[in-house]
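*Asks:* One structure, pasted below without further comment.
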Amino acid sequence: MTTEPTARSLPREPLGDAHLRRLIVGQGLAAVVDALFLIWLTLFVLELSEPGMATGFVLVAVALPRAVLLLPAGVLVDRMGPARVAAGAAWLRVAVLLALGAVVTLSSPSVTTVALLAALLGAADAAYFPAALALLPAIVPTDKLSRVNALVQGAESGGDLVGPAVAAGVIAAVGFDATLGGITAVAALAAVALSTLMRLVRRGEGVEAEAGPDALDGERPSSARALGAGLRYAWQEPLVRAMLAAIALINIAVVGPVIVGGAVLSDQRLGGAGSLGIVLSGFGVGSLAGSLVAGWRPPARRGWTVVGGVAAIGVGVAGLAGVTHVVTATALVSLVGLGSAFLGVVVVATLQEMVPERLRGRVLSLVVLATVAFDPFSYVLAGVLIPYGTTTLFLVCGGAVLACAGLVATSPAIRSLR
């Protein structure tokens with residue numbers, strides 16, 4: 001797909017072009033929908049049944065197809081083009097939400113019915129996430145990728161920060177049916193905004209769609225071969241391999257320990273379980289700040305910024321080992337959120353810039369996979385270490401992230417990244 005002429009004609013400021021505004025609005029609204037719907041789904045399942053396995057069953061129904069289908073979705077993005085896949089996935093979300101709304105309004109659905117519809121949303125997410133990441137460099141000039149990524153991720157962080165309170169408050173005020181209707185309306189607005197971008201990149205996509213980006217002698221390879229090509233590229237490129245490994249390790253060592261360990265820490269040292277919400281809100285504030293800072297001042301030496309971001313996360317997690325006050329704990333978790341968001345903007349913008357367009361969907365699907373697929377392992381790790389105390393849990397996990405920062409710093413590909 002050829003988009004350089006379009007990119008060069010865009011104004012200097014990210015919001016100075018209508019296409020960029022629609023891109024940011026569409027992806028920002030989609031992120032808000034994710035944050036609101038997760039809370040709606042959790043509370044609705046709790047309304048249907050007693051707390052316990054049912055809630056976990058439905059949440060797994062969302063997560064499992066999303067993780068399993070991510071890599072095939074990356075192949076689909078490279079074959080059909082990110083604009084088509086992003087718009088199609090956005091409209092699939094709307095259709096599933098409408099179906100769920102009809103079921104909720106007209107009947108008393110079972111947990112199984114809700115889980116099946118939630119699984120369809122997970123499948124839509126699997127297609128949407130890599131397509132959304134690959135769509136940015138198709139529209140955004142290279143020198144503006146960091147800033148636009150920061151705006152999109154900032155919207156996501158803002159949704160994570162205020163989404164739970166907003167969703168819970170609206171449900172309490174107007175009920176589950178009306179709240180789901182509002183979420184569906186926002187999802188439809190996101191789909192409309194993303195659909196308007198298809199015309200912008202359709203001409204370039206059409207040529208490649210006939211034979212496919214990996215076509216050999218006019219023949220399209222099988223999906224398995226196409227996926228293998230993407231995996232080989234990610235493994236053989238030192239920079240891509242190092243970034244993916246760092247993302248995966250950070251998610252394993254941070255997500256479960258902060259959530260599970262944070263709950264135990266709050267109960268034992270911070271004055272009760274109620275303080276957990278305050279501590280975790282610090283992550284949202286830090287994430288929002290990290291995204292905005294990364295976009296406002298893109299780093300001149302991206303390689304050392306990656307090292308610094310990983311180190312900041314490690315320091316924040318390890319520091320939780322000795323906290324005895326909720327303010328200190330919140331500040332440390334904010335540091336983890338800031339480092340994570342800053343690192344996310346830099347890594348994603350770097351890969352969007354360097355990965356060949358024909359492989360972009362597949363490589364970016366690996367980034368999403370490394371971000372979401374290792375959460376269960378992280379919870380298992382937290383469960384294994386928590387009997388030894390929160391001090392051990394946070395020191396081990398924070399130390400692992402700091403060791404990762406050291407290893408990343410030894411990579412010539414990372415150090416030389418500008």
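Following the order of the structure tokens, first chain is A, next is B, and so on, with residues numbered from 1 inside each chain and ligands from 1 in the order they appear.
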With only C-alpha atoms as the counted atoms, please give the residues lying no more than 9 Å from Leu189 (chain A), apart from itself and same-chain residues fewer than 2 positions off, as an mmCIF file with C-alpha atoms, in the first residue's frame.
*Replies:*
```
data_model
loop_
_atom_site.group_PDB
_atom_site.id
_atom_site.type_symbol
_atom_site.label_atom_id
_atom_site.label_comp_id
_atom_site.auth_asym_id
_atom_site.auth_seq_id
_atom_site.Cartn_x
_atom_site.Cartn_y
_atom_site.Cartn_z
ATOM 1 C CA VAL A 25 -11.732 9.998 17.502
ATOM 2 C CA GLY A 26 -12.533 6.538 16.148
ATOM 3 C CA LEU A 29 -14.024 6.021 21.249
ATOM 4 C CA ALA A 30 -13.277 2.336 20.641
ATOM 5 C CA THR A 184 -23.518 0.563 21.693
ATOM 6 C CA ALA A 185 -24.116 4.110 20.452
ATOM 7 C CA VAL A 186 -20.516 5.065 21.260
ATOM 8 C CA ALA A 187 -19.310 1.917 19.470
ATOM 9 C CA ALA A 191 -17.258 2.455 13.614
ATOM 10 C CA VAL A 192 -18.521 5.372 11.514
ATOM 11 C CA ALA A 193 -15.324 7.350 12.129
ATOM 12 C CA LEU A 194 -13.115 4.391 11.214
#
```
*Asks:* Kindly assemble as a tab-separated table a list of the region 126-187 of chain A residues that lie within 12 Å of region 290-294 of chain A, each paired with its nearest atom pair and their distance in Å to one decimal, using only C-alpha atoms, sorted first by chain and then by ascending residue number.
*Replies:*
```
residue	atom	partner	partner_atom	distance
A:Lys144	CA	A:Ala294	CA	11.6
A:Leu145	CA	A:Ala294	CA	10.8
A:Ser146	CA	A:Ala294	CA	7.0
A:Arg147	CA	A:Ala294	CA	7.3
A:Val148	CA	A:Leu292	CA	9.9
A:Asn149	CA	A:Ser291	CA	8.1
A:Ala150	CA	A:Ser291	CA	4.8
A:Leu151	CA	A:Leu292	CA	6.8
A:Val152	CA	A:Ser291	CA	8.6
A:Gln153	CA	A:Ser291	CA	6.2
A:Gly154	CA	A:Ser291	CA	5.3
A:Ala155	CA	A:Ser291	CA	9.1
A:Glu156	CA	A:Ser291	CA	9.5
A:Ser157	CA	A:Ser291	CA	8.0
A:Gly158	CA	A:Ser291	CA	10.1
```
*Asks:* With N, CA and C atoms kept, could you save the residues just selected as an mmCIF file, in the first residue's frame?
*Replies:*
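Result went into result.cif, see below:
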```cif
data_model
loop_
_atom_site.group_PDB
_atom_site.id
_atom_site.type_symbol
_atom_site.label_atom_id
_atom_site.label_comp_id
_atom_site.auth_asym_id
_atom_site.auth_seq_id
_atom_site.Cartn_x
_atom_site.Cartn_y
_atom_site.Cartn_z
ATOM 1 N N LYS A 144 5.096 12.019 13.026
ATOM 2 C CA LYS A 144 3.987 12.295 13.948
ATOM 3 C C LYS A 144 3.445 11.023 14.606
ATOM 4 N N LEU A 145 4.074 9.878 14.337
ATOM 5 C CA LEU A 145 3.550 8.624 14.872
ATOM 6 C C LEU A 145 3.524 8.615 16.398
ATOM 7 N N SER A 146 4.596 9.102 17.028
ATOM 8 C CA SER A 146 4.636 9.094 18.485
ATOM 9 C C SER A 146 3.522 9.941 19.071
ATOM 10 N N ARG A 147 3.284 11.106 18.474
ATOM 11 C CA ARG A 147 2.275 12.008 19.024
ATOM 12 C C ARG A 147 0.872 11.440 18.869
ATOM 13 N N VAL A 148 0.574 10.864 17.705
ATOM 14 C CA VAL A 148 -0.766 10.312 17.496
ATOM 15 C C VAL A 148 -0.964 9.059 18.354
ATOM 16 N N ASN A 149 0.061 8.209 18.441
ATOM 17 C CA ASN A 149 -0.022 7.059 19.339
ATOM 18 C C ASN A 149 -0.291 7.512 20.767
ATOM 19 N N ALA A 150 0.359 8.582 21.177
ATOM 20 C CA ALA A 150 0.163 9.082 22.537
ATOM 21 C C ALA A 150 -1.272 9.545 22.745
ATOM 22 N N LEU A 151 -1.854 10.207 21.757
ATOM 23 C CA LEU A 151 -3.241 10.659 21.889
ATOM 24 C C LEU A 151 -4.202 9.476 21.990
ATOM 25 N N VAL A 152 -3.974 8.455 21.154
ATOM 26 C CA VAL A 152 -4.844 7.282 21.190
ATOM 27 C C VAL A 152 -4.681 6.531 22.507
ATOM 28 N N GLN A 153 -3.440 6.294 22.923
ATOM 29 C CA GLN A 153 -3.225 5.581 24.179
ATOM 30 C C GLN A 153 -3.647 6.423 25.373
ATOM 31 N N GLY A 154 -3.545 7.744 25.240
ATOM 32 C CA GLY A 154 -4.044 8.600 26.308
ATOM 33 C C GLY A 154 -5.545 8.460 26.480
ATOM 34 N N ALA A 155 -6.269 8.352 25.356
ATOM 35 C CA ALA A 155 -7.712 8.123 25.436
ATOM 36 C C ALA A 155 -8.006 6.784 26.100
ATOM 37 N N GLU A 156 -7.201 5.782 25.772
ATOM 38 C CA GLU A 156 -7.379 4.469 26.394
ATOM 39 C C GLU A 156 -7.112 4.538 27.897
ATOM 40 N N SER A 157 -6.043 5.228 28.288
ATOM 41 C CA SER A 157 -5.733 5.368 29.713
ATOM 42 C C SER A 157 -6.820 6.156 30.439
ATOM 43 N N GLY A 158 -7.323 7.211 29.781
ATOM 44 C CA GLY A 158 -8.398 7.976 30.385
ATOM 45 C C GLY A 158 -9.654 7.140 30.571
#
```
*Asks:* For region 102-104 of chain A, find every residue with an atom within 9 Å (counting only C-alpha atoms), except residues of its own chain fewer than 4 positions away, and show them as number ranges by chain.
*Replies:* A: 97-98, 108-109, 113-114, 176-177
*Asks:* To one decimal place in Å, what is the distance between CA of Ala18 (chain A) and CA of Leu197 (chain A)?
*Replies:*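 Interatomic distance here is 10.1 Å.
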*Asks:* Please, what distance in Å, to one decimal, runs between CA of Gly101 (chain A) and CA of Ala167 (chain A)?
*Replies:*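 Calculated distance between CA of Gly101 (chain A) and CA of Ala167 (chain A) is 15.7 Å.
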*Asks:* Step one, run DSSP on the backbone; step two, keep only residues of region 204-339 of chain A assigned to alpha helix (DSSP H); then write them as JSON, numbers by chain.
*Replies:* {"A": [204, 205, 206, 207, 208, 209, 210, 211, 223, 224, 225, 226, 227, 228, 229, 230, 231, 232, 233, 234, 235, 236, 238, 239, 240, 241, 242, 243, 244, 245, 246, 247, 248, 249, 250, 251, 252, 253, 254, 255, 256, 262, 263, 264, 265, 266, 267, 268, 269, 275, 276, 277, 278, 279, 280, 281, 282, 283, 284, 285, 286, 287, 288, 289, 290, 291, 292, 293, 294, 295, 296, 302, 303, 304, 305, 306, 307, 308, 309, 310, 311, 312, 313, 314, 315, 316, 317, 318, 319, 326, 327, 328, 329, 330, 331, 332, 333, 334, 335, 336, 337, 338, 339]}
*Asks:* Create the file for the chosen residues now, containing C-alpha atoms and written as a compact mmCIF listing (two decimals), in the first residue's frame.
*Replies:*
```txt
# COMPACT_ATOMS: atom_id res chain seq x y z
CA GLY A 204 -3.22 1.50 -2.34
CA GLU A 205 -4.74 -1.54 -0.68
CA GLY A 206 -6.56 -2.70 -3.78
CA VAL A 207 -3.43 -3.56 -5.74
CA GLU A 208 -2.02 -5.75 -3.00
CA ALA A 209 -5.33 -7.35 -2.14
CA GLU A 210 -5.50 -9.06 -5.53
CA ALA A 211 -2.46 -11.26 -4.96
CA SER A 223 -2.23 -18.58 5.81
CA ALA A 224 0.18 -20.84 7.72
CA ARG A 225 3.09 -19.85 5.47
CA ALA A 226 2.15 -16.19 5.70
CA LEU A 227 2.04 -16.43 9.49
CA GLY A 228 5.38 -18.23 9.49
CA ALA A 229 6.91 -15.40 7.46
CA GLY A 230 5.82 -12.91 10.08
CA LEU A 231 7.14 -15.01 12.95
CA ARG A 232 10.50 -15.50 11.20
CA TYR A 233 10.85 -11.79 10.64
CA ALA A 234 10.10 -11.01 14.30
CA TRP A 235 12.62 -13.62 15.47
CA GLN A 236 15.38 -12.67 13.05
CA PRO A 238 17.13 -8.26 16.94
CA LEU A 239 15.26 -5.05 17.71
CA VAL A 240 11.81 -6.60 17.25
CA ARG A 241 12.81 -9.72 19.19
CA ALA A 242 14.16 -7.70 22.11
CA MET A 243 11.10 -5.45 22.31
CA LEU A 244 8.65 -8.36 22.18
CA ALA A 245 10.58 -10.26 24.86
CA ALA A 246 10.64 -7.19 27.12
CA ILE A 247 6.89 -6.60 26.71
CA ALA A 248 6.10 -10.23 27.51
CA LEU A 249 8.33 -10.35 30.58
CA ILE A 250 6.97 -7.07 31.93
CA ASN A 251 3.39 -8.30 31.63
CA ILE A 252 4.20 -11.57 33.36
CA ALA A 253 6.07 -9.87 36.19
CA VAL A 254 3.73 -6.91 36.73
CA VAL A 255 0.03 -7.55 36.04
CA GLY A 256 -0.66 -10.36 38.51
CA GLY A 262 -1.78 -5.11 45.76
CA ALA A 263 -4.96 -6.54 47.23
CA VAL A 264 -3.01 -8.42 49.92
CA LEU A 265 -0.78 -5.43 50.57
CA SER A 266 -3.80 -3.14 50.99
CA ASP A 267 -5.38 -5.52 53.47
CA GLN A 268 -2.21 -6.10 55.50
CA ARG A 269 -0.42 -2.76 55.53
CA SER A 275 -7.37 1.35 49.75
CA LEU A 276 -6.81 -0.94 46.74
CA GLY A 277 -8.98 1.26 44.55
CA ILE A 278 -6.90 4.32 45.43
CA VAL A 279 -3.65 2.49 44.72
CA LEU A 280 -4.80 1.11 41.38
CA SER A 281 -6.15 4.51 40.33
CA GLY A 282 -2.54 5.64 40.53
CA PHE A 283 -1.77 3.30 37.63
CA GLY A 284 -4.41 5.02 35.50
CA VAL A 285 -3.09 8.48 36.35
CA GLY A 286 0.48 7.40 35.62
CA SER A 287 -0.55 5.79 32.33
CA LEU A 288 -2.34 8.91 31.18
CA ALA A 289 0.64 11.09 32.12
CA GLY A 290 3.11 8.73 30.45
CA SER A 291 1.15 8.68 27.20
CA LEU A 292 0.85 12.47 27.06
CA VAL A 293 4.50 13.05 27.93
CA ALA A 294 5.68 10.56 25.29
CA GLY A 295 3.61 12.34 22.66
CA TRP A 296 4.44 15.87 23.73
CA ARG A 302 14.60 6.04 21.80
CA GLY A 303 16.83 3.10 22.69
CA TRP A 304 17.85 4.44 26.08
CA THR A 305 14.28 5.59 26.64
CA VAL A 306 13.17 1.97 26.28
CA VAL A 307 15.77 0.96 28.86
CA GLY A 308 14.65 3.75 31.19
CA GLY A 309 10.99 2.83 30.84
CA VAL A 310 11.65 -0.80 31.73
CA ALA A 311 13.81 0.26 34.68
CA ALA A 312 11.11 2.63 35.98
CA ILE A 313 8.59 -0.20 35.98
CA GLY A 314 11.04 -2.43 37.86
CA VAL A 315 11.76 0.24 40.47
CA GLY A 316 8.05 0.84 41.02
CA VAL A 317 7.24 -2.85 41.51
CA ALA A 318 10.26 -3.55 43.73
CA GLY A 319 9.51 -0.44 45.81
CA VAL A 326 -1.26 4.27 50.81
CA VAL A 327 0.23 7.49 49.41
CA THR A 328 3.62 5.88 48.86
CA ALA A 329 2.05 2.80 47.31
CA THR A 330 -0.06 4.94 44.98
CA ALA A 331 3.01 6.94 43.92
CA LEU A 332 4.94 3.76 43.12
CA VAL A 333 2.08 2.26 41.14
CA SER A 334 1.81 5.58 39.29
CA LEU A 335 5.48 5.19 38.36
CA VAL A 336 4.71 1.72 36.99
CA GLY A 337 1.84 3.15 34.93
CA LEU A 338 3.93 6.07 33.68
CA GLY A 339 6.79 3.79 32.60
```
*Asks:* Of the candidates A:Arg84, A:Gly271, A:Leu117, A:Tyr379, which shows the shortest atom-to-atom distance to Arg199 (chain A), using only C-alpha atoms?
*Replies:* A:Arg84
*Asks:* For a quick check of understanding, using only C-alpha atoms, which of A:Val58, A:Leu133, A:Leu407, A:Val77 has the smallest distance to Leu120 (chain A)?
*Replies:*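 The closest residue to Leu120 (chain A) is A:Val58.
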*Asks:* Here is a test: counting only C-alpha atoms, which residue of A:Pro356, A:Leu364, A:Arg301, A:Gly398 is nearest to Ile414 (chain A)?
*Replies:*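 Going through A:Pro356, A:Leu364, A:Arg301, A:Gly398 one by one, the smallest distance to Ile414 (chain A) is for A:Arg301.
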*Asks:* As an exercise, work out the distance from CA of Ala341 (chain A) to CA of Met198 (chain A) in Å and give it to one decimal place.
*Replies:*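 It comes out at 28.4 Å.
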*Asks:* Taking only C-alpha atoms into account, name the residue in A:Thr105, A:Thr42, A:Ala127, A:Glu47 that is nearest to Met80 (chain A).
*Replies:* A:Ala127
*Asks:* Between A:Ala73, A:Leu64, A:Val111, A:Val162, which has the minimum distance to Pro376 (chain A) (counting only C-alpha atoms)?
*Replies:*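 Comparing A:Ala73, A:Leu64, A:Val111, A:Val162 against Pro376 (chain A), the winner is A:Leu64.
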*Asks:* As a list in words, please: the residues near Gly389 (chain A) (cut-off 10 Å, only C-alpha atoms, same-chain neighbours under 3 positions excluded).
*Replies:* Gly261, Val264, Leu265, Ala321, Leu385, Ile386, Thr392, Leu393 and Phe394 of chain A
*Asks:* Go ahead and save the picked residues with N, CA, C and O atoms, as a compact mmCIF listing (two decimals), in the first residue's frame.
*Replies:*
```txt
# COMPACT_ATOMS: atom_id res chain seq x y z
N GLY A 261 -1.06 -9.02 44.48
CA GLY A 261 -0.23 -8.55 45.59
C GLY A 261 -0.72 -7.24 46.16
O GLY A 261 -0.63 -7.00 47.37
N VAL A 264 -3.54 -7.93 48.64
CA VAL A 264 -3.01 -8.42 49.92
C VAL A 264 -2.30 -7.32 50.67
O VAL A 264 -2.47 -7.15 51.89
N LEU A 265 -1.51 -6.54 49.95
CA LEU A 265 -0.78 -5.43 50.57
C LEU A 265 -1.74 -4.43 51.19
O LEU A 265 -1.53 -3.94 52.30
N ALA A 321 7.63 -3.46 47.87
CA ALA A 321 8.00 -4.44 48.90
C ALA A 321 8.05 -3.81 50.29
O ALA A 321 7.81 -4.48 51.29
N LEU A 385 3.94 -17.06 44.51
CA LEU A 385 4.84 -16.28 45.37
C LEU A 385 4.16 -15.65 46.57
O LEU A 385 4.81 -15.35 47.58
N ILE A 386 2.85 -15.43 46.49
CA ILE A 386 2.17 -14.70 47.57
C ILE A 386 2.26 -15.41 48.92
O ILE A 386 2.31 -14.74 49.97
N THR A 392 8.52 -10.56 49.43
CA THR A 392 9.19 -11.47 48.48
C THR A 392 8.59 -11.33 47.09
O THR A 392 9.32 -11.28 46.08
N LEU A 393 7.27 -11.27 47.01
CA LEU A 393 6.59 -11.16 45.72
C LEU A 393 7.09 -9.95 44.94
O LEU A 393 7.51 -10.07 43.77
N PHE A 394 7.07 -8.78 45.56
CA PHE A 394 7.43 -7.56 44.84
C PHE A 394 8.94 -7.47 44.56
O PHE A 394 9.35 -6.96 43.51
```
*Asks:* Closest to Arg93 (chain A) among A:Gly122, A:Gly383, A:Gly406, A:Gly181, using only C-alpha atoms?
*Replies:* A:Gly122
